[in-house]
Amino acid sequence: MVKIIIFDMGGVISGTDSAIRAIEDELLEKTGVRLFPIKDQPSPRYREFQTGKISSEEYFQNLINLSKAKISVKELINVYKQIYSNVNKFDSKMIKLVKDLRKKYAIACFSDTTEVHRQINEENGFFKLFDFSFVSCGLGVTKNEVRAFEIVIEKLKVKPEDCIFIDDREGHVERAKSIGIDAIHFQSYEQLVSELKTRKII
């Protein structure tokens with residue numbers, strides 16, 4: 001029996017890849033710093049940042065160095081936070097769906113995200129939508145590893161079959177399924193609602 005529904009954040013409830021590109025364009029224009037400084041890829045230290053192994057200051061200083069920009073770390077982080085907050089919008093239909101589902105089920109958020117994004121979303125009250133929140137920078141592992149799903153299940157103190165996991169990345173969905181979680185590959189609000197109705201969740 002389903003007890004908990006677990007939502008990914010980016011690409012499901014909030015901004016997509018196009019939003020990330022918009023953030024990069026504006027950040028470059030305002031600061032001279034590139035989010036994707038090496039052949040259109042993130043810094044080699046991004047995975048360390050995403051799993052909480054380096055601080056926001058260390059990561060953004062690395063971006064400054066790679067971009068050969070002349071800006072302080074503090075100023076860069078402040079500008080980045082402002083841009084991210086303005087560009088990264090939440091889907092109102094998805095927010096309503098989460099609130100409606102929470103009337104009947106426990107709802108969790110499970111996101112591969114960095115400390116700076118966690119801070120922004122906490123300040124914006126995003127995590128108040130959920131009964132439980134898990135972020136890679138706190139767990140020390142991303143959804144690219146099956147262990148991340150095992151850790152979340154352990155922390156929730158439920159069986160995998162008690163959960164539904166929703167993510168826009170097929171690889172994450174397959175890893176969740178590999179330990180017995182019923183997982184949905186999110187493609188659109190309408191498709192998700194259809195999948196949930198098929199499972200008699202709504």
# chains A, B, ... in the order shown; residues from 1 in each chain; ligands from 1
>>> residues_around(residues="Val146 (chain A)", least_positions_apart="6", cutoff="8 Å", atoms="only C-alpha atoms", output="list in words")
Arg175, Ala176, Ser178 and Ile179 of chain A
>>> write_last_selection(atoms="N, CA and C atoms", output="PDB file, in the first residue's frame")
ATOM      1  N   ARG A 175      16.815   3.397 -11.393  1.00  0.00           N
ATOM      2  CA  ARG A 175      17.528   3.043 -10.162  1.00  0.00           C
ATOM      3  C   ARG A 175      16.552   2.881  -8.998  1.00  0.00           C
ATOM      4  N   ALA A 176      15.529   3.722  -8.955  1.00  0.00           N
ATOM      5  CA  ALA A 176      14.508   3.567  -7.911  1.00  0.00           C
ATOM      6  C   ALA A 176      13.780   2.231  -8.068  1.00  0.00           C
ATOM      7  N   SER A 178      14.902  -0.410  -9.295  1.00  0.00           N
ATOM      8  CA  SER A 178      15.792  -1.545  -9.044  1.00  0.00           C
ATOM      9  C   SER A 178      15.762  -2.010  -7.592  1.00  0.00           C
ATOM     10  N   ILE A 179      15.297  -1.150  -6.674  1.00  0.00           N
ATOM     11  CA  ILE A 179      15.183  -1.587  -5.277  1.00  0.00           C
ATOM     12  C   ILE A 179      13.719  -1.772  -4.855  1.00  0.00           C
TER      13      ILE A 179
END
>>> residues_around(residues="region 6-20 of chain A", least_positions_apart="2", cutoff="10 Å", atoms="only C-alpha atoms", output="ChimeraX atom specification")
/A:4,22-25,35,84,87-95,97-98,106-113,126,130,132-135,152,163-169,172,183-189,192
>>> select_by_dssp(residues="region 9-171 of chain A", states="strand (DSSP E or B)", output="MDAnalysis selection string")
chainID A and resid 10 14 38 41 106:111 132:135 163:167
>>> closest_residue(among="A:Arg34, A:Lys200, A:Leu129, A:Gln50", to="Asp100 (chain A)", atoms="only C-alpha atoms")
A:Leu129
>>> select_by_dssp(residues="chain A", states="helix (DSSP H, G or I)", output="number ranges by chain")
A: 17-31, 46-50, 56-67, 73-87, 92-101, 115-123, 126-129, 136-139, 146-156, 160-162, 170-178, 189-198
>>> atom_distance(atom1="CA of Val33 (chain A)", atom2="CA of Arg47 (chain A)")
18.6 Å
>>> atom_distance(atom1="CA of Glu122 (chain A)", atom2="CA of Ser43 (chain A)")
24.7 Å
>>> residues_around(residues="Phe49 (chain A)", least_positions_apart="4", cutoff="10 Å", atoms="only C-alpha atoms", output="PyMOL selection string")
chain A and resi 43-45+53-60+113-116+136-137+140
>>> write_last_selection(atoms="N, CA and C atoms", output="short mmCIF file (atom, residue, chain, number, x, y, z; two decimals), in the first residue's frame")
data_model
loop_
_atom_site.label_atom_id
_atom_site.label_comp_id
_atom_site.auth_asym_id
_atom_site.auth_seq_id
_atom_site.Cartn_x
_atom_site.Cartn_y
_atom_site.Cartn_z
N SER A 43 31.84 22.74 -13.90
CA SER A 43 33.17 22.59 -13.33
C SER A 43 33.39 21.14 -12.91
N PRO A 44 34.62 20.63 -13.01
CA PRO A 44 34.92 19.28 -12.53
C PRO A 44 34.62 19.09 -11.05
N ARG A 45 34.48 20.20 -10.34
CA ARG A 45 34.21 20.12 -8.90
C ARG A 45 32.71 20.14 -8.58
N LYS A 53 30.62 17.98 -0.40
CA LYS A 53 32.02 17.75 -0.04
C LYS A 53 32.86 19.03 -0.10
N ILE A 54 32.38 20.04 -0.80
CA ILE A 54 33.00 21.36 -0.76
C ILE A 54 31.92 22.41 -0.52
N SER A 55 32.32 23.55 0.01
CA SER A 55 31.37 24.61 0.35
C SER A 55 30.98 25.42 -0.89
N SER A 56 29.95 26.23 -0.71
CA SER A 56 29.54 27.14 -1.79
C SER A 56 30.68 28.07 -2.15
N GLU A 57 31.41 28.55 -1.14
CA GLU A 57 32.52 29.47 -1.37
C GLU A 57 33.62 28.81 -2.21
N GLU A 58 33.94 27.58 -1.88
CA GLU A 58 34.97 26.86 -2.64
C GLU A 58 34.54 26.65 -4.09
N TYR A 59 33.28 26.28 -4.28
CA TYR A 59 32.80 26.00 -5.63
C TYR A 59 32.78 27.27 -6.49
N PHE A 60 32.23 28.33 -5.94
CA PHE A 60 32.13 29.56 -6.74
C PHE A 60 33.50 30.20 -6.97
N THR A 113 20.85 18.39 -5.40
CA THR A 113 20.97 19.85 -5.38
C THR A 113 22.15 20.27 -4.50
N THR A 114 22.54 21.51 -4.67
CA THR A 114 23.70 22.05 -3.95
C THR A 114 23.26 22.84 -2.73
N GLU A 115 24.22 23.15 -1.87
CA GLU A 115 23.90 23.89 -0.66
C GLU A 115 23.32 25.27 -0.97
N VAL A 116 23.82 25.94 -1.98
CA VAL A 116 23.30 27.27 -2.30
C VAL A 116 21.84 27.17 -2.77
N SER A 136 20.89 15.95 -2.07
CA SER A 136 22.17 15.24 -2.25
C SER A 136 23.30 15.87 -1.45
N CYS A 137 23.27 17.20 -1.30
CA CYS A 137 24.36 17.85 -0.56
C CYS A 137 24.32 17.49 0.91
N GLY A 140 25.20 13.27 0.83
CA GLY A 140 26.55 12.90 0.43
C GLY A 140 26.59 11.98 -0.77
#
>>> atom_distance(atom1="CA of Lys143 (chain A)", atom2="CA of Ile202 (chain A)")
26.7 Å
